[in-house]
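Peer 1: I have a structure I would like to understand better, so I am pasting it below and will then ask my questions one at a time.
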Amino acid sequence: MSLEDIKSAGLYRRLRNQVDTGPTRAVFDGRKATVFASNDYLGLRHHPDVLEAAARALEKYGASAGASRLICGNHELYGELETKVAALKGQEAALVFPTGYMANAGALSSLAGSRDLLLMDKFNHASLYDGAKLSGAQLKRYRHADTDHLHSQLERWTAFEHRFIVTDGLFSVDGDLAPLAELSSLAADHDCTLIVDDAPGPGILGPGGQGSSAHTQAHPAIETGTFSKALGGLGGFVAGDRETIELLINKARSFMFTTGLPPATLAGVSAAIDILSAEPWRRERVQKLAAYVRGRLIEIGLEVIGGDSPIIPIIIGGEQDAFDFSEACLDAGAFIPAVRHPTVPRGRARLRLTVSAAHSDEEVETMLVVIGRIATERGLI
Ligand code: PMP
């Protein structure tokens, strides 16, 4: 698709100038707004403990790792963080990557090969699909969260050396949960390895914020994820058995051929993980807000999809309509981005609204009034 094609299909994207003015506030191209778009679901990006840990590490160790981890960038803070991630995930070991995208790309491209099969949920994150392509394995998609369809594929596609079932845990665009318990049983019954990308899960799901597998009492062999959402930082991880982690250290190109994360980032994320158990009220607050906002939007008469997570997609339909709705919200002081094709199917363009423990009741009420007014003006309700 050329740039012209992208423009004429109403899919043109541009970067906005943004200045953050607080945990939930920003100015976009001169327009002040409350942000209902961030993945900072617990408000940890600005938490004093996170800032202090990062500032101390910055002062002590400098601004950069200085090299890839296999050269001389394997800072001692990595060990501490990897131990915490493995414990949070209930896995033997973990490996930190510079981003969640790179963790997924590295995991799939290293663990699967040309004689293997990857069975992937149709709505999986782009990084899983990119990793799948890099692996050279055969790729089959099953219908979103459809375990019957997956089961029929498992029965059909048997002549492979190794088979993997790969899914997002909590789908970050639709906000719904994968049927992880059923996927775990299917993997066990068919001698497959289940890989779950739990990018949005840690911090917001599970009794102690462990993520989607603890929430659904599932036990995937391998989990991947990110620190850039509820953990308020940057970086990705793969958690699994020791042998898998050792293989990744030796094989994952997105691990081997890239610079380690800055020490300050590692220290900040490590502090954020400690906050999950120290301040459970944050998880409770965001869950309560999500249920409240979802309920109010349905009452207003809008089509809201997803489960009960802080990701609340409001279906608008047309690509341009979704864009215009989002712009009208921003003009009225609420930033709620439109998500369009190819991220979502054509005709299912939407506003992707997220809530955070950092939002005040007043900010939420004002946003709901704004959405109700614009939806009325546009004849959507
Ligand atoms: N997987 C999923 C499901 C995600 O939502 C994201 C982030 N949008 C990623 C992976 C990539 O994580 P990161 O931003 O750390 O690269």
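Every chain in the structure tokens has a letter given in the order shown (A, B, ...), and although residue numbers restart at 1 in each chain, ligands are simply numbered from 1 in the order shown.
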Per residue of chain A within 9 Å of ligand 1, note the shortest atom pair and the distance in Å to one decimal, counting only C-alpha atoms and all ligand atoms, and order the rows by chain and increasing residue number, as a Markdown table.

Peer 2:
```
| residue | atom | partner | partner_atom_place_in_ligand_line | distance |
| --- | --- | --- | --- | --- |
| A:Asn39 | CA | ligand 1 | 8 (N) | 8.6 |
| A:Phe97 | CA | ligand 1 | 15 (O) | 8.9 |
| A:Pro98 | CA | ligand 1 | 15 (O) | 7.7 |
| A:Thr99 | CA | ligand 1 | 15 (O) | 4.0 |
| A:Gly100 | CA | ligand 1 | 15 (O) | 3.4 |
| A:Tyr101 | CA | ligand 1 | 16 (O) | 3.7 |
| A:Met102 | CA | ligand 1 | 16 (O) | 6.5 |
| A:Ala103 | CA | ligand 1 | 16 (O) | 7.9 |
| A:Asn104 | CA | ligand 1 | 10 (C) | 6.9 |
| A:Asn124 | CA | ligand 1 | 3 (C) | 7.0 |
| A:His125 | CA | ligand 1 | 3 (C) | 4.9 |
| A:Ala126 | CA | ligand 1 | 1 (N) | 7.5 |
| A:Ser127 | CA | ligand 1 | 10 (C) | 6.0 |
| A:Leu128 | CA | ligand 1 | 1 (N) | 7.3 |
| A:Thr167 | CA | ligand 1 | 3 (C) | 8.8 |
| A:Asp168 | CA | ligand 1 | 3 (C) | 5.6 |
| A:Gly169 | CA | ligand 1 | 3 (C) | 7.6 |
| A:Leu170 | CA | ligand 1 | 3 (C) | 7.2 |
| A:Phe171 | CA | ligand 1 | 3 (C) | 6.0 |
| A:Ser172 | CA | ligand 1 | 5 (O) | 4.7 |
| A:Val173 | CA | ligand 1 | 5 (O) | 7.3 |
| A:Asp197 | CA | ligand 1 | 1 (N) | 5.9 |
| A:Asp198 | CA | ligand 1 | 3 (C) | 6.5 |
| A:Ala199 | CA | ligand 1 | 2 (C) | 4.7 |
| A:Pro200 | CA | ligand 1 | 5 (O) | 6.1 |
| A:Thr224 | CA | ligand 1 | 1 (N) | 8.1 |
| A:Gly225 | CA | ligand 1 | 10 (C) | 6.4 |
| A:Thr226 | CA | ligand 1 | 15 (O) | 4.5 |
| A:Phe227 | CA | ligand 1 | 15 (O) | 6.2 |
| A:Ser228 | CA | ligand 1 | 15 (O) | 5.2 |
| A:Lys229 | CA | ligand 1 | 14 (O) | 7.6 |
| A:Gly233 | CA | ligand 1 | 15 (O) | 8.9 |
| A:Leu234 | CA | ligand 1 | 15 (O) | 6.1 |
| A:Gly235 | CA | ligand 1 | 15 (O) | 5.3 |
| A:Gly236 | CA | ligand 1 | 15 (O) | 5.3 |
| A:Phe237 | CA | ligand 1 | 15 (O) | 8.8 |
```

Peer 1: Got a sec: who's within 9 Å of Asp49 in chain A, counting only C-alpha atoms, leaving out chain neighbours fewer than 6 positions off, as a PyMOL selection string?

Peer 2: chain A and resi 268+271-272+275

Peer 1: Write out the residues from the selection above, keeping N, CA, C and O atoms, as a PDB file, in the first residue's frame.

Peer 2:
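This is the output file again34.pdb:
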```
ATOM      1  N   GLY A 268      13.306   1.009  38.028  1.00  0.00           N
ATOM      2  CA  GLY A 268      11.921   1.496  38.101  1.00  0.00           C
ATOM      3  C   GLY A 268      10.929   0.348  38.001  1.00  0.00           C
ATOM      4  O   GLY A 268       9.967   0.267  38.777  1.00  0.00           O
ATOM      5  N   ALA A 271      10.876  -1.760  41.155  1.00  0.00           N
ATOM      6  CA  ALA A 271      10.091  -1.094  42.221  1.00  0.00           C
ATOM      7  C   ALA A 271       8.598  -1.230  41.943  1.00  0.00           C
ATOM      8  O   ALA A 271       7.789  -1.449  42.857  1.00  0.00           O
ATOM      9  N   ALA A 272       8.223  -1.141  40.676  1.00  0.00           N
ATOM     10  CA  ALA A 272       6.793  -1.250  40.310  1.00  0.00           C
ATOM     11  C   ALA A 272       6.255  -2.631  40.678  1.00  0.00           C
ATOM     12  O   ALA A 272       5.119  -2.757  41.156  1.00  0.00           O
ATOM     13  N   ILE A 275       5.305  -2.811  44.217  1.00  0.00           N
ATOM     14  CA  ILE A 275       4.089  -2.051  44.549  1.00  0.00           C
ATOM     15  C   ILE A 275       2.828  -2.902  44.327  1.00  0.00           C
ATOM     16  O   ILE A 275       1.813  -2.705  44.984  1.00  0.00           O
TER      17      ILE A 275
END
```

Peer 1: Can you tell me how far CA of Glu299 in chain A sits from CA of Leu177 in chain A, in Å to one decimal?

Peer 2: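 CA of Leu177 in chain A lies at a distance of 23.0 Å from CA of Glu299 in chain A.
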
Peer 1: Rank A:Ile311, A:Leu351, A:Leu58, A:Ala375 by their smallest atom-to-atom distance to Leu289 in chain A, using only C-alpha atoms, and report the top residue only.

Peer 2: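 Counting only C-alpha atoms, the residue closest to Leu289 in chain A is A:Ile311.
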
Peer 1: Of the candidates A:Val344, A:Ile336, A:Leu297, A:Leu302, which shows the shortest atom-to-atom distance to Phe323 in chain A, using only C-alpha atoms?

Peer 2: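 Comparing A:Val344, A:Ile336, A:Leu297, A:Leu302 against Phe323 in chain A, the winner is A:Ile336.
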
Peer 1: Enumerate as a list in words all residues of range 89-147 of chain A assigned to strand (DSSP E) by DSSP on the backbone, naming them with the chain letters and numbers the document uses.

Peer 2: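 Residues of range 89-147 of chain A classed as strand (DSSP E): Ala93, Ala94, Leu95, Val96, Phe97, Leu117, Leu118, Leu119, Met120, Asp121, Gln138, Leu139, Lys140, Arg141 and Tyr142 of chain A.
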
Peer 1: Could you write those residues out with N, CA and C atoms, as a PDB file, in the first residue's frame?

Peer 2:
```
ATOM      1  N   ALA A  93      12.188 -19.509  35.506  1.00  0.00           N
ATOM      2  CA  ALA A  93      13.156 -18.462  35.137  1.00  0.00           C
ATOM      3  C   ALA A  93      12.510 -17.451  34.198  1.00  0.00           C
ATOM      4  N   ALA A  94      13.199 -16.338  34.018  1.00  0.00           N
ATOM      5  CA  ALA A  94      12.687 -15.305  33.103  1.00  0.00           C
ATOM      6  C   ALA A  94      13.869 -14.614  32.428  1.00  0.00           C
ATOM      7  N   LEU A  95      13.582 -14.042  31.270  1.00  0.00           N
ATOM      8  CA  LEU A  95      14.599 -13.280  30.548  1.00  0.00           C
ATOM      9  C   LEU A  95      13.989 -11.953  30.123  1.00  0.00           C
ATOM     10  N   VAL A  96      14.702 -10.870  30.416  1.00  0.00           N
ATOM     11  CA  VAL A  96      14.209  -9.532  30.069  1.00  0.00           C
ATOM     12  C   VAL A  96      14.753  -9.124  28.700  1.00  0.00           C
ATOM     13  N   PHE A  97      13.884  -8.570  27.886  1.00  0.00           N
ATOM     14  CA  PHE A  97      14.223  -8.052  26.555  1.00  0.00           C
ATOM     15  C   PHE A  97      13.996  -6.531  26.569  1.00  0.00           C
ATOM     16  N   LEU A 117       4.624 -26.239  13.801  1.00  0.00           N
ATOM     17  CA  LEU A 117       3.358 -25.559  13.496  1.00  0.00           C
ATOM     18  C   LEU A 117       3.014 -24.585  14.623  1.00  0.00           C
ATOM     19  N   LEU A 118       2.641 -23.366  14.223  1.00  0.00           N
ATOM     20  CA  LEU A 118       2.163 -22.379  15.194  1.00  0.00           C
ATOM     21  C   LEU A 118       0.672 -22.171  14.962  1.00  0.00           C
ATOM     22  N   LEU A 119      -0.131 -22.473  15.946  1.00  0.00           N
ATOM     23  CA  LEU A 119      -1.580 -22.245  15.858  1.00  0.00           C
ATOM     24  C   LEU A 119      -1.872 -20.971  16.636  1.00  0.00           C
ATOM     25  N   MET A 120      -2.341 -19.953  15.913  1.00  0.00           N
ATOM     26  CA  MET A 120      -2.426 -18.626  16.542  1.00  0.00           C
ATOM     27  C   MET A 120      -3.850 -18.072  16.487  1.00  0.00           C
ATOM     28  N   ASP A 121      -4.280 -17.451  17.574  1.00  0.00           N
ATOM     29  CA  ASP A 121      -5.555 -16.734  17.589  1.00  0.00           C
ATOM     30  C   ASP A 121      -5.481 -15.620  16.527  1.00  0.00           C
ATOM     31  N   GLN A 138       5.241 -23.272   9.980  1.00  0.00           N
ATOM     32  CA  GLN A 138       3.912 -23.169   9.352  1.00  0.00           C
ATOM     33  C   GLN A 138       3.001 -22.432  10.317  1.00  0.00           C
ATOM     34  N   LEU A 139       2.143 -21.596   9.773  1.00  0.00           N
ATOM     35  CA  LEU A 139       1.277 -20.793  10.630  1.00  0.00           C
ATOM     36  C   LEU A 139      -0.178 -21.026  10.251  1.00  0.00           C
ATOM     37  N   LYS A 140      -1.004 -21.370  11.222  1.00  0.00           N
ATOM     38  CA  LYS A 140      -2.452 -21.504  11.000  1.00  0.00           C
ATOM     39  C   LYS A 140      -3.145 -20.617  12.023  1.00  0.00           C
ATOM     40  N   ARG A 141      -4.161 -19.890  11.546  1.00  0.00           N
ATOM     41  CA  ARG A 141      -4.913 -19.046  12.481  1.00  0.00           C
ATOM     42  C   ARG A 141      -6.197 -19.748  12.865  1.00  0.00           C
ATOM     43  N   TYR A 142      -6.580 -19.646  14.121  1.00  0.00           N
ATOM     44  CA  TYR A 142      -7.920 -20.110  14.477  1.00  0.00           C
ATOM     45  C   TYR A 142      -8.770 -18.884  14.818  1.00  0.00           C
TER      46      TYR A 142
END
```

Peer 1: Report, in Å with one decimal, the straight-line distance from CA of Gly62 in chain A to CA of Phe255 in chain A.

Peer 2: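 Between these atoms lies a distance of 21.5 Å.
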
Peer 1: Find the residues around Glu365 in chain A up to 10 Å (only C-alpha atoms counted), leave out those fewer than 5 positions away in its own chain, and share them as a list of chain:residue names.

Peer 2: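 Once the adjacent positions are removed, what remains is A:Val293, A:Arg296, A:Ser360, A:Val370.
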
Peer 1: Among range 88-252 of chain A, which ones does DSSP assign to alpha helix (DSSP H) (computed from the backbone)? Answer as a ChimeraX atom specification.

Peer 2: /A:88-89,100-111,126-135,147-156,180-189,212-216,242-251

Peer 1: Would you please work out which residue, of A:Val27, A:Ile314, A:Ile300, A:Val85, is nearest to Val369 in chain A when using only C-alpha atoms?

Peer 2: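 Result for the nearest residue to Val369 in chain A: A:Ile300.
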
Peer 1: Write out as a list in words each polymer residue whose atoms come within 12 Å of Phe28 in chain A, counting only C-alpha atoms; drop sequence neighbours fewer than 5 positions from it.

Peer 2: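 What passes the distance filter is Leu15, Arg16, Asn17, Gln18, Val19, Asp20, Thr21, Ala33, Thr34, Val35, Glu327, Leu330, Asp331, Gly333, Ala334, Phe335, Ile336 and Pro337 of chain A.
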